[in-house]
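> Input coords03.txt, format and content: compact mmCIF, C-alpha atoms.
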# COMPACT_ATOMS: atom_id res chain seq x y z
CA MET V 28 -6.63 -34.90 -9.24
CA LYS V 29 -6.65 -36.78 -5.97
CA TYR V 30 -6.53 -34.31 -3.12
CA ASP V 31 -6.76 -36.84 -0.33
CA ASN V 32 -3.04 -37.58 -0.46
CA PRO V 33 -1.63 -35.41 2.36
CA LYS V 34 1.75 -35.02 0.70
CA LEU V 35 0.12 -33.81 -2.49
CA ARG V 36 -2.09 -31.45 -0.55
CA GLN V 37 0.94 -30.04 1.24
CA MET V 38 2.71 -29.48 -2.05
CA LEU V 39 -0.30 -27.86 -3.70
CA ALA V 40 -0.75 -25.57 -0.71
CA ALA V 41 2.90 -24.58 -0.87
CA GLU V 42 2.73 -23.85 -4.58
CA TYR V 43 -0.55 -22.03 -4.13
CA VAL V 44 0.97 -19.68 -1.57
CA LEU V 45 4.21 -19.31 -3.50
CA GLY V 46 2.14 -18.46 -6.57
CA THR V 47 3.42 -21.11 -8.94
CA LEU V 48 0.10 -22.96 -8.86
CA ARG V 49 -1.75 -21.18 -11.64
CA GLY V 50 -4.85 -21.14 -13.76
CA LEU V 51 -7.49 -23.81 -13.37
CA ALA V 52 -5.47 -25.79 -10.87
CA ARG V 53 -5.28 -22.70 -8.66
CA ARG V 54 -9.00 -22.11 -8.80
CA ARG V 55 -9.75 -25.78 -8.12
CA PHE V 56 -7.50 -25.65 -5.11
CA GLU V 57 -9.19 -22.47 -3.86
CA ARG V 58 -12.52 -24.25 -4.03
CA LEU V 59 -11.11 -27.18 -2.15
CA ALA V 60 -9.73 -24.85 0.54
CA ARG V 61 -13.18 -23.41 1.10
CA SER V 62 -14.54 -26.80 2.05
CA GLU V 63 -11.55 -28.48 3.69
CA THR V 64 -10.18 -27.27 6.99
CA ALA V 65 -6.99 -29.29 6.61
CA VAL V 66 -6.26 -27.57 3.30
CA ARG V 67 -6.86 -24.15 4.81
CA SER V 68 -4.55 -24.82 7.70
CA GLU V 69 -1.87 -26.04 5.31
CA ILE V 70 -2.24 -22.83 3.31
CA ARG V 71 -1.94 -20.79 6.50
CA PHE V 72 1.16 -22.69 7.47
CA TRP V 73 2.85 -21.51 4.28
CA GLU V 74 1.41 -18.03 4.38
CA SER V 75 2.80 -17.41 7.84
CA ARG V 76 6.17 -19.05 7.14
CA LEU V 77 6.81 -17.44 3.76
CA ALA V 78 5.70 -14.04 5.05
CA GLY V 79 9.08 -14.01 6.76
CA LEU V 80 10.59 -13.34 3.34
CA ALA V 81 8.60 -10.13 3.02
CA ALA V 82 9.67 -9.05 6.49
CA ASN V 83 13.15 -8.61 5.13
CA LEU V 84 12.21 -5.84 2.74
CA LYS V 85 12.94 -2.29 3.81
CA PRO V 86 9.66 -0.43 4.34
CA GLN V 87 8.84 2.10 1.62
CA SER V 88 6.50 5.03 2.12
CA PRO V 89 3.71 5.14 -0.41
CA PRO V 90 2.95 8.56 -1.91
CA PRO V 91 0.20 10.53 -0.12
CA SER V 92 -1.92 10.34 -3.26
CA VAL V 93 -2.56 6.65 -2.54
CA TRP V 94 -4.20 7.45 0.75
CA PHE V 95 -6.30 10.22 -0.74
CA SER V 96 -7.43 8.08 -3.64
CA LEU V 97 -8.23 5.32 -1.20
CA LEU V 98 -10.42 7.66 0.83
CA HIS V 99 -12.14 8.71 -2.34
CA ARG V 100 -12.80 5.10 -3.29
CA ILE V 101 -14.12 4.29 0.15
CA GLU V 102 -16.50 7.21 -0.12
CA THR V 103 -17.80 6.14 -3.48
CA GLN V 104 -18.08 2.45 -2.63
CA PRO V 105 -21.47 1.09 -1.68
CA PRO V 106 -21.65 0.47 2.06
CA VAL V 107 -20.06 -2.70 3.22
CA VAL V 108 -22.62 -5.24 4.31
CA THR V 109 -21.53 -6.71 7.60
CA PRO V 110 -24.85 -6.85 9.35
CA ILE V 111 -23.74 -8.76 12.40
CA ARG V 112 -20.83 -6.70 13.62
CA ARG V 113 -21.46 -3.27 12.20
CA PRO V 114 -23.38 -0.94 14.47
CA VAL V 115 -26.89 -0.78 13.07
CA ALA V 116 -28.04 2.79 13.48
CA PRO V 117 -25.08 5.13 13.80
CA ALA V 118 -27.06 8.26 14.62
CA PRO V 119 -30.68 9.22 15.05
CA ALA V 120 -30.45 12.01 12.49
CA ALA V 121 -29.03 9.72 9.78
CA PRO V 122 -26.33 12.15 8.74
CA ALA V 123 -25.35 12.47 5.11
CA PRO V 124 -22.25 10.47 4.20
CA ALA V 125 -19.11 12.34 5.11
CA SER V 126 -17.28 13.83 2.19
CA PRO V 127 -13.72 12.64 1.68
CA TRP V 128 -12.62 16.01 2.96
CA ARG V 129 -14.49 15.72 6.18
CA ILE V 130 -12.87 12.38 6.69
CA VAL V 131 -9.48 13.83 5.90
CA ALA V 132 -10.00 16.65 8.29
CA GLY V 133 -11.23 14.28 10.96
CA LEU V 134 -8.28 12.03 10.49
CA ALA V 135 -5.92 14.91 10.65
CA THR V 136 -6.88 15.82 14.13
CA ALA V 137 -7.50 12.30 15.26
CA ALA V 138 -4.70 10.27 13.83
CA GLY V 139 -2.70 12.69 11.80
CA VAL V 140 -2.32 10.21 9.03
CA ALA V 141 -2.78 11.75 5.63
CA ILE V 142 -1.92 15.19 6.81
CA ALA V 143 1.15 13.96 8.57
CA VAL V 144 2.44 12.62 5.30
CA LEU V 145 1.80 15.93 3.59
CA ILE V 146 3.21 18.09 6.30
CA GLY V 147 6.34 16.07 6.05
CA SER V 148 9.28 17.49 7.81
CA ARG V 149 7.56 19.54 10.44
CA ALA V 150 7.34 17.57 13.40
CA PRO V 151 7.15 14.84 15.91
CA LEU V 152 4.75 13.34 13.43
CA PRO V 153 3.20 9.98 13.96
CA GLY V 154 4.92 6.99 12.48
CA ALA V 155 8.23 7.72 10.83
CA ILE V 156 7.25 5.81 7.78
CA ASP V 157 10.69 4.92 6.52
CA ALA V 158 11.78 3.38 9.76
CA PRO V 159 11.34 -0.35 10.11
CA THR V 160 9.90 0.32 13.53
CA THR V 161 6.82 1.99 12.12
CA VAL V 162 4.50 -0.29 13.94
CA ALA V 163 6.20 0.18 17.23
CA THR V 164 6.32 3.96 17.01
CA ALA V 165 2.97 4.63 15.42
CA PRO V 166 0.62 7.36 16.33
CA GLN V 167 0.74 8.01 20.01
CA ALA V 168 2.65 11.26 19.70
CA VAL V 169 0.21 13.34 17.71
CA PRO V 170 1.06 16.95 18.42
CA ALA V 171 -1.76 19.03 19.79
CA PRO V 172 -3.40 20.70 16.79
CA ALA V 173 -3.57 24.02 18.57
CA ALA V 174 0.19 24.16 18.95
CA LEU V 175 0.79 23.90 15.22
CA PRO V 176 0.69 26.55 12.53
CA PRO V 177 -2.20 25.94 10.14
CA VAL V 178 -1.96 23.68 7.13
CA TYR V 179 -4.58 23.44 4.42
CA VAL V 180 -5.05 20.39 2.27
CA ALA V 181 -6.79 19.93 -1.05
CA LEU V 182 -7.32 17.22 -3.58
CA LEU V 183 -7.94 18.58 -7.06
CA ARG V 184 -8.90 16.18 -9.78
CA VAL V 185 -9.32 17.11 -13.42
CA PRO V 186 -12.63 15.66 -14.60
CA ASP V 187 -12.51 13.05 -17.35
CA THR V 188 -8.83 12.39 -16.73
CA ASP V 189 -6.92 10.52 -14.06
CA LEU V 190 -4.88 13.62 -13.29
CA GLN V 191 -5.04 14.86 -9.74
CA TRP V 192 -2.97 16.82 -7.28
CA THR V 193 -2.73 16.39 -3.57
CA LEU V 194 -1.88 19.80 -2.18
CA ALA V 195 -0.72 21.05 1.18
CA LEU V 196 -0.71 24.80 1.76
CA LYS V 197 1.47 26.02 4.61
CA PRO V 198 0.96 29.73 5.27
CA GLU V 199 3.69 29.77 7.89
CA SER V 200 6.38 28.90 5.37
CA ASP V 201 4.55 30.53 2.40
CA GLU V 202 4.74 27.21 0.66
CA VAL V 203 2.51 24.87 -1.29
CA THR V 204 3.55 21.29 -1.90
CA ALA V 205 1.89 19.42 -4.74
CA VAL V 206 2.00 15.71 -5.42
CA VAL V 207 0.67 14.67 -8.79
CA SER V 208 -0.79 11.41 -9.98
CA GLY V 209 -2.15 10.52 -13.38
CA SER V 210 -1.62 12.66 -16.46
CA TYR V 211 -3.35 15.19 -18.67
CA PRO V 212 -3.86 13.95 -22.21
CA LYS V 213 -2.37 16.12 -24.95
CA LEU V 214 -0.98 18.78 -22.65
CA GLY V 215 1.63 19.56 -25.29
CA GLU V 216 3.47 22.80 -24.69
CA ARG V 217 0.90 24.18 -22.31
CA SER V 218 1.14 24.59 -18.56
CA LEU V 219 -1.25 24.04 -15.68
CA GLU V 220 -1.45 26.98 -13.31
CA LEU V 221 -2.76 26.96 -9.75
CA TRP V 222 -4.80 29.91 -8.50
CA LEU V 223 -5.96 30.98 -5.09
CA ILE V 224 -9.36 32.61 -5.39
CA THR V 225 -9.46 35.71 -3.19
CA ASP V 226 -11.93 38.54 -2.77
CA ALA V 227 -9.75 40.52 -5.14
CA GLY V 228 -9.85 37.77 -7.77
CA PRO V 229 -7.52 34.89 -8.62
CA VAL V 230 -3.92 35.07 -7.43
CA SER V 231 -1.39 32.83 -9.16
CA LEU V 232 0.39 30.35 -6.93
CA GLY V 233 2.53 29.12 -9.81
CA LEU V 234 2.71 26.21 -12.20
CA LEU V 235 1.63 22.80 -11.03
CA PRO V 236 3.92 19.84 -11.61
CA THR V 237 2.65 17.34 -14.16
CA THR V 238 4.77 14.51 -12.79
CA GLY V 239 6.16 13.75 -9.37
CA GLU V 240 6.07 16.52 -6.81
CA GLY V 241 6.58 20.25 -6.80
CA ARG V 242 6.65 23.31 -4.58
CA LEU V 243 4.81 26.52 -5.22
CA LYS V 244 4.79 29.86 -3.47
CA LEU V 245 1.98 30.98 -1.22
CA PRO V 246 1.37 34.73 -0.83
CA ASP V 247 1.54 36.31 2.62
CA GLY V 248 -1.45 36.54 4.87
CA VAL V 249 -3.45 33.53 3.71
CA SER V 250 -5.89 32.40 6.36
CA GLY V 251 -9.48 31.40 7.00
CA ALA V 252 -11.29 28.16 7.66
CA GLN V 253 -11.32 27.28 3.99
CA LEU V 254 -9.59 28.48 0.84
CA THR V 255 -10.67 28.07 -2.75
CA LEU V 256 -8.28 26.88 -5.42
CA ALA V 257 -8.57 26.58 -9.17
CA VAL V 258 -6.44 25.17 -11.97
CA SER V 259 -6.36 26.66 -15.44
CA LEU V 260 -4.82 25.59 -18.71
CA GLU V 261 -2.32 28.20 -19.80
CA PRO V 262 0.37 28.79 -22.42
CA ALA V 263 3.77 27.29 -21.61
CA GLY V 264 5.23 29.11 -18.62
CA GLY V 265 1.88 30.27 -17.31
CA SER V 266 -0.54 33.09 -17.91
CA PRO V 267 1.24 36.12 -19.36
CA ILE V 268 -1.16 38.60 -17.76
CA GLY V 269 -1.35 37.41 -14.16
CA LYS V 270 -4.97 36.28 -14.53
CA PRO V 271 -6.28 33.01 -15.92
CA THR V 272 -6.47 33.07 -19.70
CA GLY V 273 -7.38 29.47 -20.45
CA PRO V 274 -10.20 27.21 -19.32
CA VAL V 275 -10.50 26.38 -15.63
CA LEU V 276 -10.05 22.62 -15.49
CA THR V 277 -10.93 22.09 -11.89
CA SER V 278 -11.47 23.94 -8.65
CA GLY V 279 -12.15 23.07 -5.08
CA PRO V 280 -11.65 23.90 -1.44
CA ALA V 281 -8.51 23.61 0.61
CA ILE V 282 -9.55 22.62 4.10
CA LYS V 283 -7.77 23.74 7.21
CA ALA V 284 -6.38 20.50 8.50
CA VAL V 285 -4.32 21.43 11.54
CA MET E 15 6.98 -11.37 11.32
CA SER E 16 9.42 -9.28 13.21
CA TYR E 17 7.11 -7.43 15.55
CA SER E 18 6.59 -7.64 19.21
CA THR E 19 3.53 -9.18 20.75
CA ALA E 20 2.39 -5.72 21.84
CA ASP E 21 2.56 -4.41 18.27
CA ASN E 22 0.61 -7.38 17.05
CA GLU E 23 -2.00 -6.88 19.73
CA ARG E 24 -2.40 -3.27 18.71
CA LEU E 25 -2.86 -4.30 15.10
CA VAL E 26 -5.45 -6.90 16.14
CA TYR E 27 -7.46 -4.13 17.82
CA LEU E 28 -7.06 -1.80 14.85
CA LEU E 29 -8.24 -4.52 12.50
CA ALA E 30 -11.20 -5.30 14.74
CA ASP E 31 -12.21 -1.62 14.89
CA THR E 32 -11.70 -1.25 11.14
CA GLY E 33 -14.04 -4.19 10.71
CA LEU E 34 -16.64 -2.18 12.61
CA GLY E 35 -16.29 0.68 10.19
CA ASP E 36 -13.99 2.85 12.35
CA GLN E 37 -12.13 5.08 9.92
CA ARG E 38 -9.69 6.34 12.52
CA ALA E 39 -8.61 2.79 13.24
CA PHE E 40 -8.33 2.18 9.51
CA ALA E 41 -6.14 5.25 9.14
CA GLN E 42 -3.88 4.07 11.93
CA LEU E 43 -3.71 0.63 10.41
CA TYR E 44 -2.73 2.19 7.09
CA GLU E 45 -0.09 4.27 8.76
CA ALA E 46 1.38 1.34 10.62
CA CYS E 47 1.40 -1.16 7.78
CA SER E 48 1.24 0.54 4.39
CA SER E 49 5.01 0.99 4.08
CA HIS E 50 5.52 -2.73 4.57
CA LEU E 51 2.90 -3.69 2.01
CA TYR E 52 4.20 -1.06 -0.40
CA ALA E 53 7.74 -2.42 -0.14
CA LEU E 54 6.53 -5.87 -1.11
CA LEU E 55 4.34 -4.53 -3.92
CA LEU E 56 7.18 -2.44 -5.34
CA ARG E 57 9.49 -5.42 -5.15
CA MET E 58 7.08 -7.66 -7.02
CA LEU E 59 5.51 -5.23 -9.46
CA LYS E 60 8.57 -3.06 -10.16
CA ARG E 61 6.45 -0.14 -11.33
CA ARG E 62 5.33 2.56 -8.92
CA ASP E 63 2.04 3.16 -10.68
CA TRP E 64 1.16 -0.52 -10.39
CA ALA E 65 2.29 -0.64 -6.79
CA ASP E 66 0.17 2.44 -6.01
CA GLU E 67 -2.84 0.83 -7.64
CA ALA E 68 -2.26 -2.48 -5.88
CA LEU E 69 -1.80 -0.81 -2.49
CA GLN E 70 -5.10 0.99 -2.90
CA ASP E 71 -6.79 -2.24 -3.93
CA CYS E 72 -5.34 -4.04 -0.92
CA PHE E 73 -6.46 -1.47 1.61
CA LEU E 74 -9.86 -1.17 0.01
CA ARG E 75 -10.16 -4.92 0.47
CA ILE E 76 -8.87 -4.66 4.02
CA TRP E 77 -11.45 -1.97 4.73
CA GLN E 78 -14.17 -4.23 3.40
CA LYS E 79 -12.89 -7.50 4.84
CA ALA E 80 -11.24 -6.54 8.10
CA ASP E 81 -14.03 -8.23 10.00
CA THR E 82 -13.06 -11.56 8.44
CA TYR E 83 -9.62 -11.47 10.02
CA ALA E 84 -9.15 -14.05 12.73
CA PRO E 85 -6.00 -14.72 14.74
CA GLU E 86 -5.76 -18.23 13.32
CA LYS E 87 -5.06 -16.60 9.96
CA GLY E 88 -1.69 -15.51 11.30
CA THR E 89 -0.55 -12.24 12.81
CA PRO E 90 -2.30 -9.17 11.44
CA LEU E 91 0.74 -8.10 9.46
CA THR E 92 1.12 -11.57 7.99
CA TRP E 93 -2.50 -11.45 6.94
CA LEU E 94 -2.13 -8.00 5.40
CA MET E 95 1.06 -8.99 3.59
CA THR E 96 -0.68 -12.08 2.28
CA VAL E 97 -3.53 -9.95 0.93
CA ALA E 98 -0.91 -7.77 -0.77
CA ARG E 99 1.04 -10.63 -2.22
CA TYR E 100 -2.00 -12.35 -3.73
CA ARG E 101 -3.08 -9.03 -5.19
CA ALA E 102 0.37 -8.58 -6.73
CA LEU E 103 0.26 -12.10 -8.17
CA ASP E 104 -3.11 -11.36 -9.76
CA LEU E 105 -1.88 -8.10 -11.22
CA LEU E 106 1.24 -9.76 -12.59
CA ARG E 107 -0.86 -12.38 -14.31
CA MET E 108 -2.85 -9.66 -15.98
CA LYS E 109 0.03 -7.37 -16.78
CA ARG E 110 3.17 -9.42 -17.02
CA PRO E 111 3.26 -9.57 -20.83
CA GLU E 112 4.15 -5.88 -20.65
CA VAL E 113 7.02 -6.50 -18.29
CA GLU E 114 10.37 -7.31 -19.73
CA MET E 115 11.98 -10.25 -18.09
CA PRO E 116 15.24 -9.25 -16.45
CA GLU E 117 18.47 -10.32 -18.04
CA GLU E 118 20.60 -12.81 -16.23
CA GLY E 119 22.24 -11.15 -13.25
CA ASP E 120 20.02 -8.11 -13.59
CA GLU E 121 17.60 -8.88 -10.82
CA ALA E 122 17.53 -6.98 -7.59
CA PRO E 123 19.23 -8.73 -4.68
CA MET E 124 17.04 -11.41 -3.28
CA THR E 125 19.06 -13.89 -1.36
CA PHE E 126 17.89 -14.37 2.14
CA ALA E 127 21.38 -13.82 3.46
CA ASP E 128 21.55 -10.31 1.97
CA VAL E 129 18.79 -8.87 3.99
CA SER E 130 17.84 -8.12 7.54
CA GLU E 131 21.36 -8.18 8.86
CA SER E 132 21.30 -5.08 11.03
CA PRO E 133 21.57 -5.60 14.78
CA GLU E 134 18.17 -3.94 15.26
CA ASP E 135 16.58 -6.39 12.88
CA ARG E 136 18.20 -9.30 14.59
CA ALA E 137 17.12 -8.02 17.97
CA VAL E 138 13.46 -8.00 17.05
CA GLU E 139 13.65 -11.09 14.94
CA GLN E 140 11.31 -13.78 16.01
CA GLU E 141 12.20 -17.37 16.22
CA GLY E 142 10.18 -18.25 13.14
CA LEU E 143 12.09 -15.87 10.93
CA GLY E 144 15.43 -17.25 12.03
CA MET E 145 14.13 -20.70 11.38
CA LEU E 146 13.05 -19.78 7.87
CA ARG E 147 16.47 -18.33 7.22
CA ASP E 148 18.20 -21.47 8.45
CA CYS E 149 15.91 -23.72 6.48
CA MET E 150 16.46 -21.65 3.33
CA GLN E 151 20.19 -22.11 3.72
CA ASP E 152 19.56 -25.83 3.73
CA LEU E 153 18.23 -25.83 0.19
CA GLN E 154 20.36 -26.51 -2.84
CA ASP E 155 21.23 -23.38 -4.76
CA GLU E 156 18.79 -23.93 -7.63
CA GLN E 157 16.02 -24.87 -5.25
CA LYS E 158 16.58 -21.80 -3.14
CA ARG E 159 16.88 -19.51 -6.13
CA SER E 160 13.72 -20.81 -7.78
CA VAL E 161 11.69 -20.49 -4.57
CA LEU E 162 12.96 -16.96 -3.89
CA LEU E 163 12.42 -15.85 -7.48
CA ALA E 164 8.87 -17.20 -7.39
CA TYR E 165 8.26 -15.43 -4.09
CA TYR E 166 9.76 -12.03 -4.85
CA GLU E 167 9.11 -11.84 -8.59
CA GLY E 168 5.87 -13.80 -8.72
CA TYR E 169 7.24 -15.91 -11.57
CA THR E 170 5.33 -18.84 -12.97
CA HIS E 171 7.12 -22.11 -13.71
CA GLN E 172 7.45 -21.01 -17.33
CA GLU E 173 8.92 -17.68 -16.37
CA LEU E 174 11.30 -19.37 -13.96
CA ALA E 175 12.42 -21.71 -16.74
CA GLN E 176 13.11 -18.70 -18.96
CA VAL E 177 14.94 -16.70 -16.33
CA MET E 178 16.92 -19.64 -15.00
CA ASP E 179 17.55 -20.95 -18.50
CA ALA E 180 16.51 -24.48 -17.62
CA PRO E 181 13.90 -26.93 -18.94
CA LEU E 182 10.41 -26.50 -17.53
CA GLY E 183 10.38 -29.96 -15.91
CA THR E 184 13.67 -29.29 -14.17
CA VAL E 185 12.46 -25.99 -12.79
CA LYS E 186 9.23 -27.53 -11.54
CA SER E 187 11.18 -30.15 -9.69
CA TRP E 188 13.51 -27.53 -8.15
CA VAL E 189 10.50 -25.66 -6.82
CA ARG E 190 8.80 -28.79 -5.51
CA ARG E 191 11.87 -30.29 -3.93
CA GLY E 192 12.77 -26.93 -2.47
CA LEU E 193 9.35 -26.54 -0.92
CA ALA E 194 9.25 -30.13 0.32
CA ARG E 195 12.62 -29.72 1.96
CA LEU E 196 11.57 -26.43 3.46
CA ARG E 197 8.42 -28.05 4.81
CA GLU E 198 10.41 -30.82 6.45
CA CYS E 199 12.86 -28.37 7.96
CA LEU E 200 10.17 -25.96 9.23
CA ASP E 201 8.33 -28.87 10.79
CA ARG E 202 11.25 -29.89 12.92
Render the structure in this file as structure tokens.

Amino acid sequence: MKYDNPKLRQMLAAEYVLGTLRGLARRRFERLARSETAVRSEIRFWESRLAGLAANLKPQSPPPSVWFSLLHRIETQPPVVTPIRRPVAPAPAAPAPASPWRIVAGLATAAGVAIAVLIGSRAPLPGAIDAPTTVATAPQAVPAPAALPPVYVALLRVPDTDLQWTLALKPESDEVTAVVSGSYPKLGERSLELWLITDAGPVSLGLLPTTGEGRLKLPDGVSGAQLTLAVSLEPAGGSPIGKPTGPVLTSGPAIKAV
Amino acid sequence: MSYSTADNERLVYLLADTGLGDQRAFAQLYEACSSHLYALLLRMLKRRDWADEALQDCFLRIWQKADTYAPEKGTPLTWLMTVARYRALDLLRMKRPEVEMPEEGDEAPMTFADVSESPEDRAVEQEGLGMLRDCMQDLQDEQKRSVLLAYYEGYTHQELAQVMDAPLGTVKSWVRRGLARLRECLDR
């Protein structure tokens, strides 16, 4: 194909950006764009003009699980190699890579992002995500952490499945909110029960949702820098004896976020 | 896109800091932009699980590639939306066989006139957006419809032919003439 015809190049760039240029032709054009400035600028012309169509869509808040999974993926990715711009030696002591939870906790105080989503209704939280003015209103107004009642967050994933819960524990309102993603294979008629591990043994917080979101009850007087949670597989409706009867599928800490 | 210069400047800084590995900046960028990207991904992919996956992929890429952003690539949000849209197109190519094509008249609203009509939207609307709207109105109905369907649904020529119940050659020429006319109009 002759790419030196400007009209043809314009059309291919337009169809490339629109997405109707497919398959081999698309890849050929991508290669051409890498070497030809004029092609790249034509592509950018269309990208910036057609982006106006996306600006008309009403913003939609993604579920908090996306952010948590993203953090997890960032943690497990090999370091990005950007030798020129990335600071070379971040610290003399070469600290171990931060766990996702340390990042979450750090973000919570710093930007309030993930936690803000979880905490939901409580607040002058940063960035009302449903409002089209998200960008304009973003995170200046982070409330001082000290002024807020504590919230604990946890991400519990069941090994060998894609099932995970993003949990927020709010002692002030005796409430746990759970957002689920993924699924448990062959759950059948059984239930998944959430436990708070205390000095006196496990205390049931209730049944975890297996789709969507759910609310569970938190007992009075929960506090501390960190709580331990566990999930067990139980008969439908939960353990009949108030203690876990089935296998513990996963456990982990809930970190005090604010 | 419909953001003030100050918002864009803030996003430029957030992208620059993200490119340096600053996770706080990345978190703020996610907070400011994810709902816009997610709206587009939901619109194109239709399924929440796919949109969730695509949004993660996009921001992972943004985390890795933020340092390649340059202002000549458009405003930050345009760049991010472009990343999202290409990701959605790729996913659709892989997954579309599983998606049922909508019946005639079953598609979600997509005409340019339907959207962004609130006074707030108009107040923040930039000149370019108004221009795109005007130029879109200039297109013949089939041209406009085929361009919008390709944009919002990620349809190929073949899929457009099926949905619009028209021969492949006809549909291709609607798309091309539509785009050519749009190009002329936007150039004015």
> Kindly determine which residues of chain E lie within 8 Å of chain V, considering all atoms listed in the file, and give the answer as a PyMOL selection string.
chain E and resi 15-17+21+33-35+37-38+41-42+45-54+66-67+69-70+73-74+78+81+87-89+92+95-96+100+103+126+129-130+142-143+146+161+164-165+168-171+190+193-194
> Return the padded bounding box of segment 221-233 of chain V as AutoDock Vina command-line options: axis-aligned, built from all atoms listed in the file, 3 Å added on each side, with centre and edge lengths in Å to one decimal.

--center_x -4.7 --center_y 33.7 --center_z -6.3 --size_x 20.5 --size_y 19.6 --size_z 13.0
> Report as a list of chain:residue names all protein, DNA and RNA residues lying within 12 Å of Ser200 of chain V, evaluated on only C-alpha atoms, omitting residues in the same chain fewer than 2 positions from it.
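In the requested form, the answer reads V:Ile146, V:Arg149, V:Pro176, V:Pro177, V:Val178, V:Ala195, V:Leu196, V:Lys197, V:Pro198, V:Glu202, V:Val203, V:Thr204, V:Arg242, V:Leu243, V:Lys244, V:Leu245, V:Pro246, V:Asp247, V:Gly248, V:Val249.
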> Atom CA of Trp222 of chain V to atom CA of Asp189 of chain V: how many Å, to one decimal?
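Interatomic distance here is 20.3 Å.
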> With only C-alpha atoms as the basis for distance, which of V:Lys270, V:Ala284, V:Gly239, V:Ala205 is at the shortest distance from Leu175 of chain V?
V:Ala284
> Record the distance separating atom CA of Arg159 of chain E and atom CA of Asp201 of chain E, expressed in Å with one decimal.
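Atom CA of Asp201 of chain E lies at a distance of 21.1 Å from atom CA of Arg159 of chain E.
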> When you look at Ala281 of chain V with a cut-off of 10 Å (counting only C-alpha atoms), what residues show up, excluding the ones that are within fewer than 2 positions of it in the same chain? I need them as a VMD selection string.
chain V and resid 128 178 to 183 194 to 196 223 252 to 256 278 to 279 283 to 284
> From the options E:Val185, E:Ala98, E:Met58, E:Val26, which residue's atoms come nearest to Tyr166 of chain E, counting only C-alpha atoms?
E:Met58
> Rank E:Lys109, E:Gly192, E:Arg61, E:Tyr44 by their smallest atom-to-atom distance to Gln151 of chain E, using all atoms listed in the file, and report the top residue only.
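That would be E:Gly192, the residue with the smallest distance to Gln151 of chain E.
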> Quick one: distance from atom CA of Pro236 of chain V to atom CA of Ala102 of chain E in Å, one decimal?
29.1 Å
